[in-house]
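Below is one structure, written out as C-alpha cells, with a few remarks after it.
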Amino acid sequence: MQWKPNPEWTPRLVDWYCQVRRPFPWRVEPTPYRVWVSEIMLQQTRIEAALGYYERFMEALPTVADLAAVDEDTLLKLWEGLGYYSRAKNLRKAAIQIMEHYGGELPASFEALLQLPGIGEYTAGAIASIAYDLAVPAVDGNVLRVLARLTACSEDVLKPAVKKELSKLAAALVPEKNPGLFNEAIMELGETVCLPNTTPDCTACPLYGLCEAQKQGCAGELPVRSPKKERRVEHRTVLVIIRKRDNAWTVLLHKRPSAGLLGGLWELPSVDGEMPDEAVRELVIQWTGGRILDTEDLGKARHLFSHIEWHMEGRAVWLEDAHTPSDCVWADADEIRDVYALPSAFRAYAQKLPAILKKEKGL
Ligand code: SF4
C-alpha cells in the first residue's frame with residue numbers, strides 16, 4: 001500500500017484553483033491569525049454558515065492580543081450557535097500562550113504550531129503552508145477523500161496505517177513554491193467537485209483522466225470507511241424557570257461544570273430523564289425555594305452531538321419569591337440576546353423565550 005504521486009496532479013490542481021478560487025475573507029488577507037481562526041471555525045462548520053461568524057469574530061477580536069484578553073462569556077457569545085465550544089476555548093488558551101512565548105505572533109514552524117492547544121496536524125499544516133509558505137501538507141477529510149479516489153484506495157481511510165500512507169502521498173505532492181496554494185486547491189476540489197456521499201462531478205474535475213477511481217468507475221463508492229458507532233440516546237427534561245425582576249420576567253440560566261459535554265457553558269437547567277409535571281414542580285421548589293405560579297409544556301426537541309443524541313422535553317415554570325441557586329443567574333431577554341451564550345442544543349426552547357417572557361402569569 002504505497003502510492004506514487006502523478007507529476008501532473010499538482011500543476012493541474014493549482015492552475016484550476018487559480019481560476020475558480022472563491023474570495024473568502026481569510027484568503028483575501030491570509031495573515032497567520034486570520035488563517036488560524038478560519039481553520040478552527042471551519043472544522044465541523046460549513047463555509048456559508050461560518051462566514052458571518054468569522055466577520056463578527058474578526059471585528060470584535062482583530063488580533064491575537066485581543067483574543068488572549070477577551071473574557072470567556074464574550075468569547076462564547078461570539079461563538080454562540082457554532083457548536084463544539086472547546087474550539088473557542090482552545091483558541092483563547094493558545095492565544096495566551098502565543099502572547100507569553102511568541103510575542104503575539106503565531107510561530108512560523110509546523111512543530112511549534114502543533115504544540116498549541118486545539119491545533120492538530122491538519123491545522124498546523126494549513127497555517128504553516130498558507131500563512132508561512134512552508135512546504136507541509138494539510139490533510140483533512142476532504143483531502144483524504146480526494147486522495148483515496150485518485151489512487152482508487154480500497155481500504156478504510158480512517159485506519160491509521162492507511163491514513164499515514166495517504167498523508168505521505170499528500171506530502172509528496174506539496175510543491176516548494178506556493179505550497180499553501182496547492183493545499184487550498186486540493187481542499188477546494190473536495191469541497192466543490194469531488195464531493196462526499198454522492199457520485200463526484202468528474203467531468204468538471206481538473207484531474208479527469210488522471211484519476212484511478214474515475215477510470216475504474218468506482219469513485220462514488222470511495223472512500224471506504226468503517227461504519228460509525230450509533231449515537232447514545234439520552235432523555236432530558238429542560239426547564240425554563242421564570243421569575244419577575246423589577247418589571248421584567250427573567251429566566252434562570254445555569255453554568256455547566258467546566259469539564260465534560262458543553263463544559264463551562266450557560267444552559268437552560270436540565271435534568272436526566274423525562275419528568276412529569278408534579279416532579280418538575282417539586283424539583284423547582286426544592287432548588288429555588290420559590291412558589292409556583294404556573295407551568296406549561298414546551299414540547300419535544302432533539303439535538304445531535306457527535307456521540308450523543310438528546311431527546312428533550314421542555315417545561316416552563318413561573319415562580320415568585322425564588323432565590324438564586326449556586327452557579328446560576330437570572331437573565332432578562334436583553335441579557336440572553338447580548339451577554340449569555342446558550343448552546344444550540346437548547347435552540348428549540350431558546351427561540352420560544354421572547355414569547356414566554358411576555359406572558360403575564362399569575363399576576
Ligand atoms: Fe474526484 Fe472524479 Fe476528480 Fe477523481 S476525477 S478526483 S473522483 S472528481
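Ordering of the C-alpha cells sets the chain letters (A, B, ...), residue numbers begin anew at 1 in every chain, and ligands are numbered from 1 in the order given.
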Write as a ChimeraX atom specification the residues around ligand 1, taking 6 Å as the cut-off and counting only C-alpha atoms and all ligand atoms.
/A:146,149-150,193-194,200-202,205,207-208,211,213-214,219
Just write the chosen residues, N, CA, C and O atoms, as a short mmCIF file (atom, residue, chain, number, x, y, z; two decimals), in the first residue's frame.
```
data_model
loop_
_atom_site.label_atom_id
_atom_site.label_comp_id
_atom_site.auth_asym_id
_atom_site.auth_seq_id
_atom_site.Cartn_x
_atom_site.Cartn_y
_atom_site.Cartn_z
N VAL A 146 -10.26 12.89 -1.64
CA VAL A 146 -9.71 13.11 -2.99
C VAL A 146 -8.57 12.13 -3.25
O VAL A 146 -8.51 11.49 -4.30
N ARG A 149 -9.65 8.59 -3.84
CA ARG A 149 -10.23 8.39 -5.18
C ARG A 149 -9.14 8.43 -6.26
O ARG A 149 -9.16 7.63 -7.19
N LEU A 150 -8.22 9.38 -6.12
CA LEU A 150 -7.15 9.46 -7.13
C LEU A 150 -6.40 8.14 -7.23
O LEU A 150 -5.95 7.72 -8.30
N VAL A 193 -16.12 19.79 -5.97
CA VAL A 193 -16.23 18.89 -7.14
C VAL A 193 -16.21 17.41 -6.72
O VAL A 193 -17.09 16.64 -7.07
N CYS A 194 -15.20 17.05 -5.96
CA CYS A 194 -15.03 15.65 -5.55
C CYS A 194 -15.78 15.46 -4.23
O CYS A 194 -15.20 15.22 -3.19
N PRO A 200 -19.09 11.87 -7.55
CA PRO A 200 -18.47 13.19 -7.77
C PRO A 200 -18.63 13.65 -9.22
O PRO A 200 -18.88 12.86 -10.12
N ASP A 201 -18.48 14.96 -9.38
CA ASP A 201 -18.67 15.58 -10.69
C ASP A 201 -17.36 15.48 -11.50
O ASP A 201 -16.68 16.47 -11.74
N CYS A 202 -17.03 14.25 -11.93
CA CYS A 202 -15.72 14.01 -12.54
C CYS A 202 -15.51 14.80 -13.84
O CYS A 202 -14.39 15.20 -14.16
N CYS A 205 -13.81 17.99 -13.29
CA CYS A 205 -12.60 17.90 -12.45
C CYS A 205 -11.34 18.12 -13.28
O CYS A 205 -11.18 17.55 -14.36
N LEU A 207 -8.64 16.88 -12.77
CA LEU A 207 -7.84 15.65 -12.78
C LEU A 207 -8.52 14.51 -13.56
O LEU A 207 -8.11 13.36 -13.47
N TYR A 208 -9.53 14.88 -14.33
CA TYR A 208 -10.22 13.89 -15.16
C TYR A 208 -9.20 13.22 -16.09
O TYR A 208 -8.39 13.89 -16.72
N CYS A 211 -7.19 10.06 -12.82
CA CYS A 211 -7.72 9.59 -11.54
C CYS A 211 -8.14 8.12 -11.67
O CYS A 211 -8.96 7.77 -12.52
N ALA A 213 -9.94 6.12 -9.66
CA ALA A 213 -11.34 5.79 -9.35
C ALA A 213 -12.24 6.18 -10.51
O ALA A 213 -13.17 5.45 -10.87
N GLN A 214 -11.97 7.33 -11.10
CA GLN A 214 -12.78 7.77 -12.25
C GLN A 214 -12.58 6.82 -13.42
O GLN A 214 -13.56 6.40 -14.07
N ALA A 219 -15.66 5.80 -8.34
CA ALA A 219 -15.46 6.99 -7.49
C ALA A 219 -16.56 7.15 -6.44
O ALA A 219 -16.29 7.52 -5.30
#
```
Give me the residues near Arg21 in chain A as JSON, numbers by chain, where near means some atom within 9 Å (using only C-alpha atoms) and where sequence neighbours in that chain fewer than 3 positions away do not count.
{"A": [16, 17, 18, 24, 184, 185, 188]}
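Of the residues listed (A:Leu13, A:Thr237, A:Arg302, A:Leu253), A:Thr237 shows the shortest atom-to-atom separation from Met275 in chain A; distances use only C-alpha atoms.
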Near Ala316 in chain A, within 9 Å and counting only C-alpha atoms, which residues show up once chain neighbours fewer than 5 positions away are dropped, as a PDB file with N, CA and C atoms, in the first residue's frame?
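Saved as part-v5.pdb:
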```
ATOM      1  N   VAL A 238     -35.820  19.732  30.008  1.00  0.00           N
ATOM      2  CA  VAL A 238     -35.223  21.078  30.007  1.00  0.00           C
ATOM      3  C   VAL A 238     -36.196  22.032  30.697  1.00  0.00           C
ATOM      4  N   LEU A 239     -35.664  22.815  31.644  1.00  0.00           N
ATOM      5  CA  LEU A 239     -36.525  23.683  32.460  1.00  0.00           C
ATOM      6  C   LEU A 239     -36.330  25.153  32.088  1.00  0.00           C
ATOM      7  N   VAL A 240     -37.408  25.788  31.735  1.00  0.00           N
ATOM      8  CA  VAL A 240     -37.378  27.246  31.526  1.00  0.00           C
ATOM      9  C   VAL A 240     -38.047  27.835  32.766  1.00  0.00           C
ATOM     10  N   ILE A 241     -37.229  28.276  33.716  1.00  0.00           N
ATOM     11  CA  ILE A 241     -37.752  28.738  35.011  1.00  0.00           C
ATOM     12  C   ILE A 241     -37.758  30.270  35.004  1.00  0.00           C
ATOM     13  N   ILE A 242     -38.915  30.852  35.279  1.00  0.00           N
ATOM     14  CA  ILE A 242     -39.098  32.289  35.048  1.00  0.00           C
ATOM     15  C   ILE A 242     -39.494  32.980  36.354  1.00  0.00           C
ATOM     16  N   ASP A 294     -47.348  28.899  37.824  1.00  0.00           N
ATOM     17  CA  ASP A 294     -47.930  28.159  36.703  1.00  0.00           C
ATOM     18  C   ASP A 294     -46.830  27.326  36.029  1.00  0.00           C
ATOM     19  N   THR A 295     -47.239  26.360  35.242  1.00  0.00           N
ATOM     20  CA  THR A 295     -46.272  25.609  34.412  1.00  0.00           C
ATOM     21  C   THR A 295     -46.884  25.414  33.028  1.00  0.00           C
ATOM     22  N   GLU A 296     -46.033  25.107  32.075  1.00  0.00           N
ATOM     23  CA  GLU A 296     -46.537  24.923  30.711  1.00  0.00           C
ATOM     24  C   GLU A 296     -45.634  23.943  29.972  1.00  0.00           C
ATOM     25  N   ASP A 297     -46.252  23.076  29.193  1.00  0.00           N
ATOM     26  CA  ASP A 297     -45.480  22.113  28.397  1.00  0.00           C
ATOM     27  C   ASP A 297     -44.903  22.826  27.169  1.00  0.00           C
ATOM     28  N   LEU A 298     -43.610  22.721  26.943  1.00  0.00           N
ATOM     29  CA  LEU A 298     -42.983  23.390  25.786  1.00  0.00           C
ATOM     30  C   LEU A 298     -42.688  22.426  24.641  1.00  0.00           C
ATOM     31  N   ILE A 356     -42.345  33.523  25.642  1.00  0.00           N
ATOM     32  CA  ILE A 356     -42.621  33.052  27.009  1.00  0.00           C
ATOM     33  C   ILE A 356     -42.485  34.211  28.003  1.00  0.00           C
TER      34      ILE A 356
END
```
List as a PyMOL selection string the protein and nucleic acid residues near range 40-49 of chain A, meaning an atom at most 12 Å away when only C-alpha atoms are counted, but skip any in the same chain fewer than 3 places from it.
chain A and resi 22-26+33-37+52-55+57-58+78-92+94+117-120+122-124+126-127+140-142+188+191-192+305-306
Env of Asp272 in chain A: 8 Å cut, atoms = only C-alpha atoms, seq-sep filter 4 positions within chain, self excluded. Answer as a short mmCIF file (atom, residue, chain, number, x, y, z; two decimals) with all heavy atoms, in the first residue's frame.
```
data_model
loop_
_atom_site.label_atom_id
_atom_site.label_comp_id
_atom_site.auth_asym_id
_atom_site.auth_seq_id
_atom_site.Cartn_x
_atom_site.Cartn_y
_atom_site.Cartn_z
N GLU A 234 -29.93 10.00 25.00
CA GLU A 234 -30.19 10.41 26.40
C GLU A 234 -31.47 11.21 26.43
O GLU A 234 -31.66 12.12 25.62
CB GLU A 234 -29.03 11.28 26.91
CG GLU A 234 -27.77 10.50 27.17
CD GLU A 234 -26.66 11.36 27.77
OE1 GLU A 234 -26.89 12.57 28.03
OE2 GLU A 234 -25.56 10.81 27.96
N HIS A 235 -32.35 10.89 27.38
CA HIS A 235 -33.60 11.65 27.55
C HIS A 235 -33.37 12.71 28.62
O HIS A 235 -32.78 12.43 29.66
CB HIS A 235 -34.74 10.72 27.96
CG HIS A 235 -35.07 9.74 26.87
ND1 HIS A 235 -35.99 10.03 25.89
CD2 HIS A 235 -34.57 8.52 26.58
CE1 HIS A 235 -36.06 9.01 25.05
NE2 HIS A 235 -35.20 8.09 25.43
N ARG A 236 -33.82 13.95 28.35
CA ARG A 236 -33.63 15.04 29.32
C ARG A 236 -34.89 15.89 29.42
O ARG A 236 -35.64 16.02 28.44
CB ARG A 236 -32.46 15.94 28.91
CG ARG A 236 -31.15 15.22 28.80
CD ARG A 236 -29.98 16.18 28.77
NE ARG A 236 -29.73 16.84 30.03
CZ ARG A 236 -29.15 16.25 31.07
NH1 ARG A 236 -28.79 15.00 31.00
NH2 ARG A 236 -28.94 16.92 32.19
N THR A 237 -35.07 16.47 30.59
CA THR A 237 -36.13 17.47 30.77
C THR A 237 -35.46 18.83 30.90
O THR A 237 -34.58 19.01 31.76
CB THR A 237 -36.97 17.16 32.03
OG1 THR A 237 -37.49 15.84 31.90
CG2 THR A 237 -38.09 18.16 32.19
#
```
Rank A:Thr199, A:Thr74, A:Arg315, A:Ser38 by their smallest atom-to-atom distance to Asp277 in chain A, using only C-alpha atoms, and report the top residue only.
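Residue with the minimum atom-to-atom distance to Asp277 in chain A: A:Arg315.
As for CA of Ile292 in chain A and CA of Ala322 in chain A, they are spaced 9.2 Å apart.
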Just list as a VMD selection string whatever in range 4-231 of chain A DSSP marks as alpha helix (DSSP H).
chain A and resid 9 to 20 25 to 28 32 to 42 47 to 60 64 to 69 72 to 79 86 to 102 110 to 114 121 to 132 141 to 150 160 to 173 179 to 192 212 to 216
